[in-house]
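Asker: My questions all concern the structure below.
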Amino acid sequence: MVFLNYLYFSKHLHILLAFPNTYYGKLRPKGQFENNDAVTKEVKLMMDPDADPFAAPTESETEEPPSKFGASDVQDLSWVNLLNAYTCTECGRCTSECPANQTGKKLSPRKIMMDTRDRLEEVGKNIDANKGIFVDDGKQLLNDYITKEELWACTTCNACVEACPVSIDPLNIIMEMRRYLVMEESAAPMELNNMMTNIENNGAPWPYNQMDRLNWKNE
Ligand code: SF4
Ligand code: SF4
């Protein structure tokens, strides 16, 4: 009984949290990402040749878009992300399976989870010290804990998610932070920006006119 009570306050809390964390683990196919509704609507409108840009918005279209896209700090992450951070046992299986880590990149999915937990604890202490209100401490998860270099090293292969014995999803945190970089700061690497511009203009990642796409068959 003493040990059970000790678990709650100790670094072994992850033993207890493993159960709810596994229960709330993602059941969707691993490669399926959550689309942002506001962006999906914009893209559909852009790609629909019959769409009338001056039509009166329907009731669902008048909804306010989110005030912030993606995540730059722990407050922007979902409660499942935060539960994941507290559940991590730091076993390192995710990092040993990570192809980015294996090829010498700076990324370690284990560190992503530990950084998230460390920042969460820092924010918690800040709130406790300021009588229930978070006072800006000039820090955030992005840059102060997790660097852009780590975020862009990820290949989104899901190997870390598959390797985790307690259904933790480090990739979801990485993708939310990348979403923030792209949509709030326009800070994607140049290669990605070129590709996204090509998709927008040509419907393909290459810098060729759509009319020339079948030219290869004439060669
Ligand atoms: S999804 Fe990203 S962090 Fe996870 S194993 Fe693949 S490259 Fe590594
Ligand atoms: S495999 Fe899971 S529990 Fe182990 S370090 Fe990675 S995220 Fe944490």
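Convention: chains lettered A, B, ... in structure tokens order; per-chain residue numbering from 1; ligands numbered from 1 as shown.
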Identify, on the basis of only C-alpha atoms, every residue whose closest approach to Asn126 (chain A) does not exceed 10 Å; exclude the query and any residue fewer than 6 positions from it along the same chain; express the result as a ChimeraX atom specification.

Answerer: /A:120,132-137

Asker: Can you list every residue of chain A that has an atom at most 8 Å from ligand 1, with its nearest atom pair and the distance in Å to one decimal, using only C-alpha atoms and all ligand atoms, ordered by chain then number, as JSON lines?

Answerer:
```
{"residue": "A:Cys94", "atom": "CA", "partner": "ligand 1", "partner_atom_place_in_ligand_line": "5 (S)", "distance": 6.3}
{"residue": "A:Thr95", "atom": "CA", "partner": "ligand 1", "partner_atom_place_in_ligand_line": "5 (S)", "distance": 6.8}
{"residue": "A:Glu97", "atom": "CA", "partner": "ligand 1", "partner_atom_place_in_ligand_line": "5 (S)", "distance": 6.0}
{"residue": "A:Cys98", "atom": "CA", "partner": "ligand 1", "partner_atom_place_in_ligand_line": "5 (S)", "distance": 3.5}
{"residue": "A:Pro99", "atom": "CA", "partner": "ligand 1", "partner_atom_place_in_ligand_line": "7 (S)", "distance": 5.5}
{"residue": "A:Ala100", "atom": "CA", "partner": "ligand 1", "partner_atom_place_in_ligand_line": "7 (S)", "distance": 5.0}
{"residue": "A:Asn101", "atom": "CA", "partner": "ligand 1", "partner_atom_place_in_ligand_line": "8 (Fe)", "distance": 6.6}
{"residue": "A:Leu107", "atom": "CA", "partner": "ligand 1", "partner_atom_place_in_ligand_line": "3 (S)", "distance": 6.7}
{"residue": "A:Ser108", "atom": "CA", "partner": "ligand 1", "partner_atom_place_in_ligand_line": "3 (S)", "distance": 6.4}
{"residue": "A:Pro109", "atom": "CA", "partner": "ligand 1", "partner_atom_place_in_ligand_line": "3 (S)", "distance": 4.8}
{"residue": "A:Ala153", "atom": "CA", "partner": "ligand 1", "partner_atom_place_in_ligand_line": "7 (S)", "distance": 6.9}
{"residue": "A:Cys154", "atom": "CA", "partner": "ligand 1", "partner_atom_place_in_ligand_line": "2 (Fe)", "distance": 3.8}
{"residue": "A:Thr155", "atom": "CA", "partner": "ligand 1", "partner_atom_place_in_ligand_line": "7 (S)", "distance": 4.2}
{"residue": "A:Thr156", "atom": "CA", "partner": "ligand 1", "partner_atom_place_in_ligand_line": "1 (S)", "distance": 3.8}
{"residue": "A:Cys157", "atom": "CA", "partner": "ligand 1", "partner_atom_place_in_ligand_line": "6 (Fe)", "distance": 4.0}
{"residue": "A:Asn158", "atom": "CA", "partner": "ligand 1", "partner_atom_place_in_ligand_line": "1 (S)", "distance": 3.9}
{"residue": "A:Ala159", "atom": "CA", "partner": "ligand 1", "partner_atom_place_in_ligand_line": "5 (S)", "distance": 4.1}
{"residue": "A:Cys160", "atom": "CA", "partner": "ligand 1", "partner_atom_place_in_ligand_line": "5 (S)", "distance": 4.0}
{"residue": "A:Val161", "atom": "CA", "partner": "ligand 1", "partner_atom_place_in_ligand_line": "4 (Fe)", "distance": 6.4}
{"residue": "A:Pro170", "atom": "CA", "partner": "ligand 1", "partner_atom_place_in_ligand_line": "4 (Fe)", "distance": 6.6}
{"residue": "A:Leu171", "atom": "CA", "partner": "ligand 1", "partner_atom_place_in_ligand_line": "1 (S)", "distance": 5.2}
{"residue": "A:Ile174", "atom": "CA", "partner": "ligand 1", "partner_atom_place_in_ligand_line": "3 (S)", "distance": 7.6}
```

Asker: Would you save the residues from that selection as a PDB file, in the first residue's frame, using C-alpha atoms?

Answerer:
```
ATOM      1  CA  CYS A  94      11.449   4.296 -30.380  1.00  0.00           C
ATOM      2  CA  THR A  95      14.854   5.921 -30.829  1.00  0.00           C
ATOM      3  CA  GLU A  97      14.002   2.046 -34.439  1.00  0.00           C
ATOM      4  CA  CYS A  98      14.079   5.629 -35.759  1.00  0.00           C
ATOM      5  CA  PRO A  99      15.715   5.740 -39.230  1.00  0.00           C
ATOM      6  CA  ALA A 100      16.597   9.413 -38.797  1.00  0.00           C
ATOM      7  CA  ASN A 101      18.445   8.640 -35.567  1.00  0.00           C
ATOM      8  CA  LEU A 107      16.279  13.470 -33.909  1.00  0.00           C
ATOM      9  CA  SER A 108      15.364  11.137 -31.036  1.00  0.00           C
ATOM     10  CA  PRO A 109      11.647  10.430 -30.474  1.00  0.00           C
ATOM     11  CA  ALA A 153      14.740  15.331 -39.578  1.00  0.00           C
ATOM     12  CA  CYS A 154      11.623  13.157 -39.110  1.00  0.00           C
ATOM     13  CA  THR A 155      10.590  11.050 -42.123  1.00  0.00           C
ATOM     14  CA  THR A 156       7.052  10.448 -40.671  1.00  0.00           C
ATOM     15  CA  CYS A 157       7.655   6.706 -41.029  1.00  0.00           C
ATOM     16  CA  ASN A 158       5.772   5.804 -37.808  1.00  0.00           C
ATOM     17  CA  ALA A 159       8.474   3.322 -36.711  1.00  0.00           C
ATOM     18  CA  CYS A 160       8.615   5.000 -33.281  1.00  0.00           C
ATOM     19  CA  VAL A 161       4.835   4.672 -32.843  1.00  0.00           C
ATOM     20  CA  PRO A 170       5.832  11.000 -30.649  1.00  0.00           C
ATOM     21  CA  LEU A 171       5.087  11.656 -34.323  1.00  0.00           C
ATOM     22  CA  ILE A 174       6.362  16.423 -34.232  1.00  0.00           C
TER      23      ILE A 174
END
```

Asker: Each residue of chain A with at least one atom at most 7 Å from ligand 2 should appear once, together with its nearest atom pair and the corresponding distance in Å (one decimal); atoms considered: only C-alpha atoms and all ligand atoms; ordering: chain, then increasing residue number; output as JSON lines.

Answerer:
```
{"residue": "A:Thr87", "atom": "CA", "partner": "ligand 2", "partner_atom_place_in_ligand_line": "3 (S)", "distance": 6.9}
{"residue": "A:Cys88", "atom": "CA", "partner": "ligand 2", "partner_atom_place_in_ligand_line": "8 (Fe)", "distance": 3.7}
{"residue": "A:Thr89", "atom": "CA", "partner": "ligand 2", "partner_atom_place_in_ligand_line": "3 (S)", "distance": 4.3}
{"residue": "A:Glu90", "atom": "CA", "partner": "ligand 2", "partner_atom_place_in_ligand_line": "5 (S)", "distance": 3.7}
{"residue": "A:Cys91", "atom": "CA", "partner": "ligand 2", "partner_atom_place_in_ligand_line": "4 (Fe)", "distance": 3.9}
{"residue": "A:Gly92", "atom": "CA", "partner": "ligand 2", "partner_atom_place_in_ligand_line": "5 (S)", "distance": 3.9}
{"residue": "A:Arg93", "atom": "CA", "partner": "ligand 2", "partner_atom_place_in_ligand_line": "1 (S)", "distance": 4.3}
{"residue": "A:Cys94", "atom": "CA", "partner": "ligand 2", "partner_atom_place_in_ligand_line": "1 (S)", "distance": 4.1}
{"residue": "A:Thr95", "atom": "CA", "partner": "ligand 2", "partner_atom_place_in_ligand_line": "6 (Fe)", "distance": 6.4}
{"residue": "A:Pro109", "atom": "CA", "partner": "ligand 2", "partner_atom_place_in_ligand_line": "6 (Fe)", "distance": 6.3}
{"residue": "A:Arg110", "atom": "CA", "partner": "ligand 2", "partner_atom_place_in_ligand_line": "5 (S)", "distance": 4.4}
{"residue": "A:Met113", "atom": "CA", "partner": "ligand 2", "partner_atom_place_in_ligand_line": "7 (S)", "distance": 6.2}
{"residue": "A:Cys160", "atom": "CA", "partner": "ligand 2", "partner_atom_place_in_ligand_line": "1 (S)", "distance": 6.6}
{"residue": "A:Ala163", "atom": "CA", "partner": "ligand 2", "partner_atom_place_in_ligand_line": "1 (S)", "distance": 5.8}
{"residue": "A:Cys164", "atom": "CA", "partner": "ligand 2", "partner_atom_place_in_ligand_line": "1 (S)", "distance": 3.6}
{"residue": "A:Pro165", "atom": "CA", "partner": "ligand 2", "partner_atom_place_in_ligand_line": "2 (Fe)", "distance": 5.9}
{"residue": "A:Val166", "atom": "CA", "partner": "ligand 2", "partner_atom_place_in_ligand_line": "2 (Fe)", "distance": 6.0}
{"residue": "A:Ser167", "atom": "CA", "partner": "ligand 2", "partner_atom_place_in_ligand_line": "2 (Fe)", "distance": 6.8}
{"residue": "A:Ile168", "atom": "CA", "partner": "ligand 2", "partner_atom_place_in_ligand_line": "7 (S)", "distance": 5.3}
{"residue": "A:Asp169", "atom": "CA", "partner": "ligand 2", "partner_atom_place_in_ligand_line": "7 (S)", "distance": 6.9}
{"residue": "A:Pro170", "atom": "CA", "partner": "ligand 2", "partner_atom_place_in_ligand_line": "7 (S)", "distance": 6.4}
```

Asker: Kindly export the residues of the current selection with C-alpha atoms, as an mmCIF file, in the first residue's frame.

Answerer:
```
data_model
loop_
_atom_site.group_PDB
_atom_site.id
_atom_site.type_symbol
_atom_site.label_atom_id
_atom_site.label_comp_id
_atom_site.auth_asym_id
_atom_site.auth_seq_id
_atom_site.Cartn_x
_atom_site.Cartn_y
_atom_site.Cartn_z
ATOM 1 C CA THR A 87 3.601 7.765 -19.598
ATOM 2 C CA CYS A 88 6.952 7.478 -21.380
ATOM 3 C CA THR A 89 9.195 4.986 -19.603
ATOM 4 C CA GLU A 90 12.287 6.325 -21.415
ATOM 5 C CA CYS A 91 13.033 2.800 -22.620
ATOM 6 C CA GLY A 92 14.468 4.120 -25.905
ATOM 7 C CA ARG A 93 12.873 1.516 -28.198
ATOM 8 C CA CYS A 94 11.449 4.296 -30.380
ATOM 9 C CA THR A 95 14.854 5.921 -30.829
ATOM 10 C CA PRO A 109 11.647 10.430 -30.474
ATOM 11 C CA ARG A 110 12.465 9.502 -26.870
ATOM 12 C CA MET A 113 8.695 12.858 -25.193
ATOM 13 C CA CYS A 160 8.615 5.000 -33.281
ATOM 14 C CA ALA A 163 7.927 0.298 -31.468
ATOM 15 C CA CYS A 164 6.454 1.871 -28.338
ATOM 16 C CA PRO A 165 5.182 -0.763 -25.893
ATOM 17 C CA VAL A 166 2.619 1.633 -24.358
ATOM 18 C CA SER A 167 1.107 3.181 -27.514
ATOM 19 C CA ILE A 168 2.844 6.556 -27.316
ATOM 20 C CA ASP A 169 2.777 8.691 -30.462
ATOM 21 C CA PRO A 170 5.832 11.000 -30.649
#
```

Asker: May I have the residues within 7 Å of Phe69 (chain A) as a PyMOL selection string, using only C-alpha atoms and disregarding those fewer than 5 positions away in the same chain?

Answerer: chain A and resi 179-180+183-184

Asker: Can you tell me which residues surround Leu192 (chain A) at a distance of at most 12 Å, considering only C-alpha atoms, apart from same-chain residues fewer than 4 positions away, and format the answer as a list in words?

Answerer: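 Result of the neighbour search: Trp152, Arg178, Val182, Ser186, Ala187, Ala188, Met196, Thr197, Asn198, Ile199, Pro205 and Trp206 of chain A.
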
Asker: Go ahead and write the selection's residues with C-alpha atoms as a CSV table (one decimal), in the first residue's frame.

Answerer:
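As written to disk, result_14.csv reads:
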```
chain,number,residue,atom,x,y,z
A,152,TRP,CA,12.5,18.4,-39.9
A,178,ARG,CA,5.8,21.3,-37.9
A,182,VAL,CA,4.6,26.0,-41.7
A,186,SER,CA,6.1,30.1,-42.8
A,187,ALA,CA,9.4,28.5,-41.8
A,188,ALA,CA,9.5,25.3,-43.8
A,196,MET,CA,4.4,23.0,-52.0
A,197,THR,CA,4.4,25.9,-54.4
A,198,ASN,CA,4.7,23.4,-57.3
A,199,ILE,CA,1.7,21.4,-56.0
A,205,PRO,CA,5.7,18.3,-56.9
A,206,TRP,CA,7.7,19.0,-60.1
```

Asker: Per residue of region 14-121 of chain A within 12 Å of region 138-143 of chain A, note the shortest atom pair and the distance in Å to one decimal, counting only C-alpha atoms, and order the rows by chain and increasing residue number, as a tab-separated table.

Answerer:
```
residue	atom	partner	partner_atom	distance
A:Gly70	CA	A:Leu142	CA	11.3
A:Ala71	CA	A:Leu142	CA	8.3
A:Ser72	CA	A:Leu142	CA	5.2
A:Asp73	CA	A:Leu141	CA	4.6
A:Val74	CA	A:Leu141	CA	6.5
A:Gln75	CA	A:Leu141	CA	9.5
A:Asp76	CA	A:Leu141	CA	10.1
A:Leu77	CA	A:Leu141	CA	10.4
A:Ile112	CA	A:Leu141	CA	9.8
A:Met113	CA	A:Leu141	CA	11.1
A:Met114	CA	A:Leu141	CA	11.1
A:Asp115	CA	A:Leu141	CA	7.5
A:Thr116	CA	A:Leu141	CA	6.9
A:Arg117	CA	A:Leu141	CA	9.9
A:Asp118	CA	A:Leu141	CA	9.2
A:Arg119	CA	A:Leu141	CA	6.3
A:Leu120	CA	A:Leu141	CA	8.8
A:Glu121	CA	A:Leu141	CA	11.6
```

Asker: Between CA of Thr147 (chain A) and CA of Thr103 (chain A), what is the distance, to one decimal in Å?

Answerer: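 One can read the CA of Thr147 (chain A) to CA of Thr103 (chain A) distance as 17.9 Å.
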
Asker: List every residue of region 25-214 of chain A that DSSP, applied to the backbone of this structure, places in helix (DSSP H, G or I), and write the result as number ranges by chain.

Answerer: A: 37-47, 60-62, 74-76, 79-87, 93-97, 99-102, 109-129, 141-144, 148-153, 159-163, 170-183, 190-202, 210-212

Asker: What does the distance between CA of Tyr8 (chain A) and CA of Lys125 (chain A) come to in Å, to one decimal place?

Answerer: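 So the answer is 17.1 Å.
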
Asker: Excluding same-chain residues fewer than 3 positions from region 16-20 of chain A, what lies within 8 Å of it counting only C-alpha atoms, as a PyMOL selection string?

Answerer: chain A and resi 7-8+12-13+23-24+83+86-87+166

Asker: If you keep C-alpha atoms, can you produce a file of those selected residues as an mmCIF file, in the first residue's frame?

Answerer:
```
data_model
loop_
_atom_site.group_PDB
_atom_site.id
_atom_site.type_symbol
_atom_site.label_atom_id
_atom_site.label_comp_id
_atom_site.auth_asym_id
_atom_site.auth_seq_id
_atom_site.Cartn_x
_atom_site.Cartn_y
_atom_site.Cartn_z
ATOM 1 C CA LEU A 7 3.971 5.621 -7.150
ATOM 2 C CA TYR A 8 1.728 8.633 -7.623
ATOM 3 C CA HIS A 12 7.385 5.658 -11.482
ATOM 4 C CA LEU A 13 4.045 7.326 -12.199
ATOM 5 C CA TYR A 23 -6.722 2.645 -23.671
ATOM 6 C CA TYR A 24 -6.617 6.042 -25.405
ATOM 7 C CA LEU A 83 -0.627 11.955 -21.135
ATOM 8 C CA TYR A 86 3.943 11.417 -18.565
ATOM 9 C CA THR A 87 3.601 7.765 -19.598
ATOM 10 C CA VAL A 166 2.619 1.633 -24.358
#
```

Asker: For the atom pair CA of Lys44 (chain A) and CA of Asn193 (chain A), what is the interatomic distance in Å to one decimal place?

Answerer: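 Straight-line distance from CA of Lys44 (chain A) to CA of Asn193 (chain A) works out to 20.4 Å.
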